[in-house]
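Below is one structure, written out as structure tokens, with a few remarks after it.
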Amino acid sequence: MLLPRRARALAVTLFTALLAALVPAAVAHAESRTVQGGRLDWGIKSSFQSYVTGPIAQGSWNLTGGAATVGGSQFRFHSARGSYDPATGAFEAAFSGGVRFTGHRKADGTDELDLTISRPRIVVQGGRGTLYADMASKAKGSGRMTVSSQVPLAALSLGGIDMRGGGSPVSLSGVPATLTSQGAASFAGYYPAGTALDPLSLTVDVVTPRRTPPATAPADPTARPTSEAPTSPTPTASSSQGSAATGALRAAAVDWGVRRTFREYVTGAISQGKWTLAGGAQDGGALFRFPRGTGTYDPKKGTLDASFAGSVRFTGAHLDLTLGKVAVKVSGGTGTLSADVTSEGRTDRAVPLVTFGARGLTPKNGLAVLTEAPATLTEGGAKAFGGMYRAGTAMDPVSLAVTVDVKAQLPALPDLGSEATASAAPSKRATPSASAPAAPAPAASSSSSSSSIGTYLAIGAGVLLVAALAVLTAVRRRRTGDTPSA
């Protein structure tokens, strides 16, 4: 019986090793992943937008918190944060930004219609989806203002979508939305529960958690400490303060969206165009960031003369306009933003486009910031836009940031995430109907958690089968006398 025991011991050893290998892998694939960066595009209800800005309400809407517009009727909310479990399909992503609708102006200067929707959050659990949002609305008739946090505003129709097994980015397009009873109450009674809202689309980046590296062996207590100096000395407080005192410009960036209505015109039904960034310029949704500022800055006088990297090109029907080599000069509490303007094959250098108020551009904790300073179009800017806007027209505000301290950091730009790309290997689970929105497909480097675990179990079953056959063969040989004696 000695050899069969060895065979059984071999089988047990293989089984134990198999479990040790499979359990961590299964757990790793079941780990929830972090949603970090992305955007939500949603028009809320396009007919409501038309009503607010139409001849009856004679109102308007304004964006808050860095929200932007897409095309002519969608709002873009940015900087997604949340979690995603590819094993179960559970998904949550909260976005920044908001939109405020006002209308029906009364004789006392107040608005009868006053509704703000901000910080939308998408939650998908068990095949059901809900859109939550912060709501502030004025009731019709009474004028009573109600402010509520994270109201379940809309139910999302996810029929035919399997959220499991997605990679990065996770993308949904054209998801139908329906007003809930709580949403109808927060909507100031303008629509009843069950009203169809605009469909929504989202794209978010998913970050896989890093596995903790194995613990290193403890240091040898008998080892003698080295007398060598460190290779990279840590900056001291005195050196940092010295940089601020001299006014050395360490980093600088200027944020400017040109003009919201111009962006909407470019991407709208008339122009059907787009914008393209180059040279390091960044898209913040409602603004463009021109980084890597170089030049001179005097923190005592609040003066700045700096040029920035990057360019933006607007193209469309009968439109081709490029703004590059952006520069900013601040003196006497007034700032001027200029750029090289290229249109119709001609380039005009250093054209002053807008002026803005710039008082108080002095550093605090190593950072000088000017946030959303109102900007006005200049004569040169009016010519640059081909007479589309007159000199003196209000343009998008200018934001400016300058660091003079090594520890100071520039303000974060709204995070729009990555562009949605088709997967090289579409998910077999994603089988939506023709009318349903497309399901998120896993990235080429990702795989479904359930299918991966199934693969591991299949391999394990094969290993166990081999071990069982080995045991059976040993027993048969023992009984027939083929096996040598001990």
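Order determines the names: the first chain of the structure tokens is A, the second B, and so forth; residues in each chain are numbered 1 upward, and ligands are numbered 1 upward as they are shown.
Using only C-alpha atoms, the residues found no farther than 10 Å from Leu113 (chain A), other than those of its own chain fewer than 3 positions away, are A:Val52, A:Ala57, A:Gly59, A:Phe101, A:Thr102, A:Gly103, A:His104, A:Arg105, A:Lys106, A:Thr110, A:Ser137, A:Lys138, A:Ala139, A:Lys140, A:Gly141, A:Gly143, A:Ala188, A:Tyr190.
Of the listed residues A:Ser73, A:Thr146, A:Thr178, A:Thr261, the one whose atoms come nearest to Ser47 (chain A) is A:Ser73, with distances taken using only C-alpha atoms.
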As a VMD selection string, please: the residues near region 338-352 of chain A (cut-off 6 Å, only C-alpha atoms, same-chain neighbours under 6 positions excluded).
chain A and resid 320 to 327 380
Write the selection just made, keeping N, CA and C atoms, as a PDB file, in the first residue's frame?
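Result file is again.pdb:
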```pdb
ATOM      1  N   ASP A 320     -12.185  77.966 -40.564  1.00  0.00           N
ATOM      2  CA  ASP A 320     -10.877  77.378 -40.262  1.00  0.00           C
ATOM      3  C   ASP A 320     -10.071  78.451 -39.527  1.00  0.00           C
ATOM      4  N   LEU A 321     -10.069  78.344 -38.204  1.00  0.00           N
ATOM      5  CA  LEU A 321      -9.452  79.365 -37.355  1.00  0.00           C
ATOM      6  C   LEU A 321      -8.560  78.688 -36.326  1.00  0.00           C
ATOM      7  N   THR A 322      -7.301  79.130 -36.254  1.00  0.00           N
ATOM      8  CA  THR A 322      -6.335  78.578 -35.305  1.00  0.00           C
ATOM      9  C   THR A 322      -5.807  79.690 -34.406  1.00  0.00           C
ATOM     10  N   LEU A 323      -5.823  79.421 -33.091  1.00  0.00           N
ATOM     11  CA  LEU A 323      -5.237  80.324 -32.107  1.00  0.00           C
ATOM     12  C   LEU A 323      -4.046  79.621 -31.477  1.00  0.00           C
ATOM     13  N   GLY A 324      -2.869  80.185 -31.623  1.00  0.00           N
ATOM     14  CA  GLY A 324      -1.656  79.579 -31.087  1.00  0.00           C
ATOM     15  C   GLY A 324      -0.720  80.613 -30.507  1.00  0.00           C
ATOM     16  N   LYS A 325       0.323  80.127 -29.847  1.00  0.00           N
ATOM     17  CA  LYS A 325       1.302  80.998 -29.185  1.00  0.00           C
ATOM     18  C   LYS A 325       0.602  82.028 -28.305  1.00  0.00           C
ATOM     19  N   VAL A 326      -0.234  81.514 -27.425  1.00  0.00           N
ATOM     20  CA  VAL A 326      -1.006  82.368 -26.527  1.00  0.00           C
ATOM     21  C   VAL A 326      -0.059  83.055 -25.550  1.00  0.00           C
ATOM     22  N   ALA A 327      -0.307  84.332 -25.299  1.00  0.00           N
ATOM     23  CA  ALA A 327       0.508  85.103 -24.361  1.00  0.00           C
ATOM     24  C   ALA A 327      -0.405  85.960 -23.494  1.00  0.00           C
ATOM     25  N   GLY A 380      -8.979  94.066 -32.212  1.00  0.00           N
ATOM     26  CA  GLY A 380      -8.227  93.028 -32.914  1.00  0.00           C
ATOM     27  C   GLY A 380      -8.909  91.678 -32.826  1.00  0.00           C
TER      28      GLY A 380
END
```
For CA of Gly72 (chain A) and CA of Gly38 (chain A), determine how far apart the two atoms are, in Å to one decimal place.
20.5 Å
Which polymer residues have any atom within 10 Å of an atom of region 276-293 of chain A, counting only C-alpha atoms, with same-chain residues fewer than 6 positions away left out, as a PyMOL selection string?
chain A and resi 39+63+65-70+75-79+249-260+263+305-315+322-328+396-402+410+412-416
Which polymer residues have any atom within 7 Å of an atom of region 154-158 of chain A, counting only C-alpha atoms, with same-chain residues fewer than 2 positions away left out, as a ChimeraX atom specification?
/A:127-131,152,160-161,175-180,183
Could you save those same residues with N, CA and C atoms as a compact mmCIF listing (two decimals), in the first residue's frame?
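Output file result05.txt follows:
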```txt
# COMPACT_ATOMS: atom_id res chain seq x y z
N GLY A 127 -28.67 45.17 -12.56
CA GLY A 127 -29.34 45.40 -13.83
C GLY A 127 -30.21 46.63 -13.87
N ARG A 128 -30.30 47.38 -12.78
CA ARG A 128 -31.09 48.60 -12.72
C ARG A 128 -30.18 49.82 -12.61
N GLY A 129 -30.58 50.89 -13.28
CA GLY A 129 -29.78 52.10 -13.24
C GLY A 129 -30.59 53.29 -12.76
N THR A 130 -29.94 54.18 -12.01
CA THR A 130 -30.58 55.38 -11.49
C THR A 130 -29.62 56.56 -11.60
N LEU A 131 -30.16 57.71 -11.98
CA LEU A 131 -29.39 58.95 -11.99
C LEU A 131 -29.83 59.80 -10.81
N PRO A 152 -33.06 60.88 -6.39
CA PRO A 152 -33.15 59.93 -7.50
C PRO A 152 -33.99 60.55 -8.62
N GLY A 160 -31.01 44.69 -22.09
CA GLY A 160 -30.09 44.15 -23.09
C GLY A 160 -28.64 44.46 -22.85
N ILE A 161 -28.31 45.17 -21.77
CA ILE A 161 -26.92 45.52 -21.50
C ILE A 161 -26.40 44.65 -20.36
N VAL A 175 -28.50 56.00 -23.44
CA VAL A 175 -29.28 55.27 -22.45
C VAL A 175 -30.58 56.04 -22.17
N PRO A 176 -31.76 55.42 -22.38
CA PRO A 176 -33.02 56.11 -22.11
C PRO A 176 -33.19 56.43 -20.63
N ALA A 177 -33.78 57.59 -20.34
CA ALA A 177 -33.99 58.04 -18.95
C ALA A 177 -35.44 58.48 -18.78
N THR A 178 -36.01 58.14 -17.61
CA THR A 178 -37.40 58.47 -17.30
C THR A 178 -37.47 59.17 -15.96
N LEU A 179 -38.25 60.24 -15.87
CA LEU A 179 -38.39 61.01 -14.65
C LEU A 179 -39.08 60.19 -13.56
N THR A 180 -38.50 60.18 -12.36
CA THR A 180 -39.07 59.45 -11.23
C THR A 180 -40.07 60.35 -10.48
N GLY A 183 -38.06 62.83 -8.63
CA GLY A 183 -37.54 63.80 -9.58
C GLY A 183 -38.60 64.78 -10.03
```
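The coordinates place CA of Pro411 (chain A) at 23.5 Å from CA of Arg121 (chain A).
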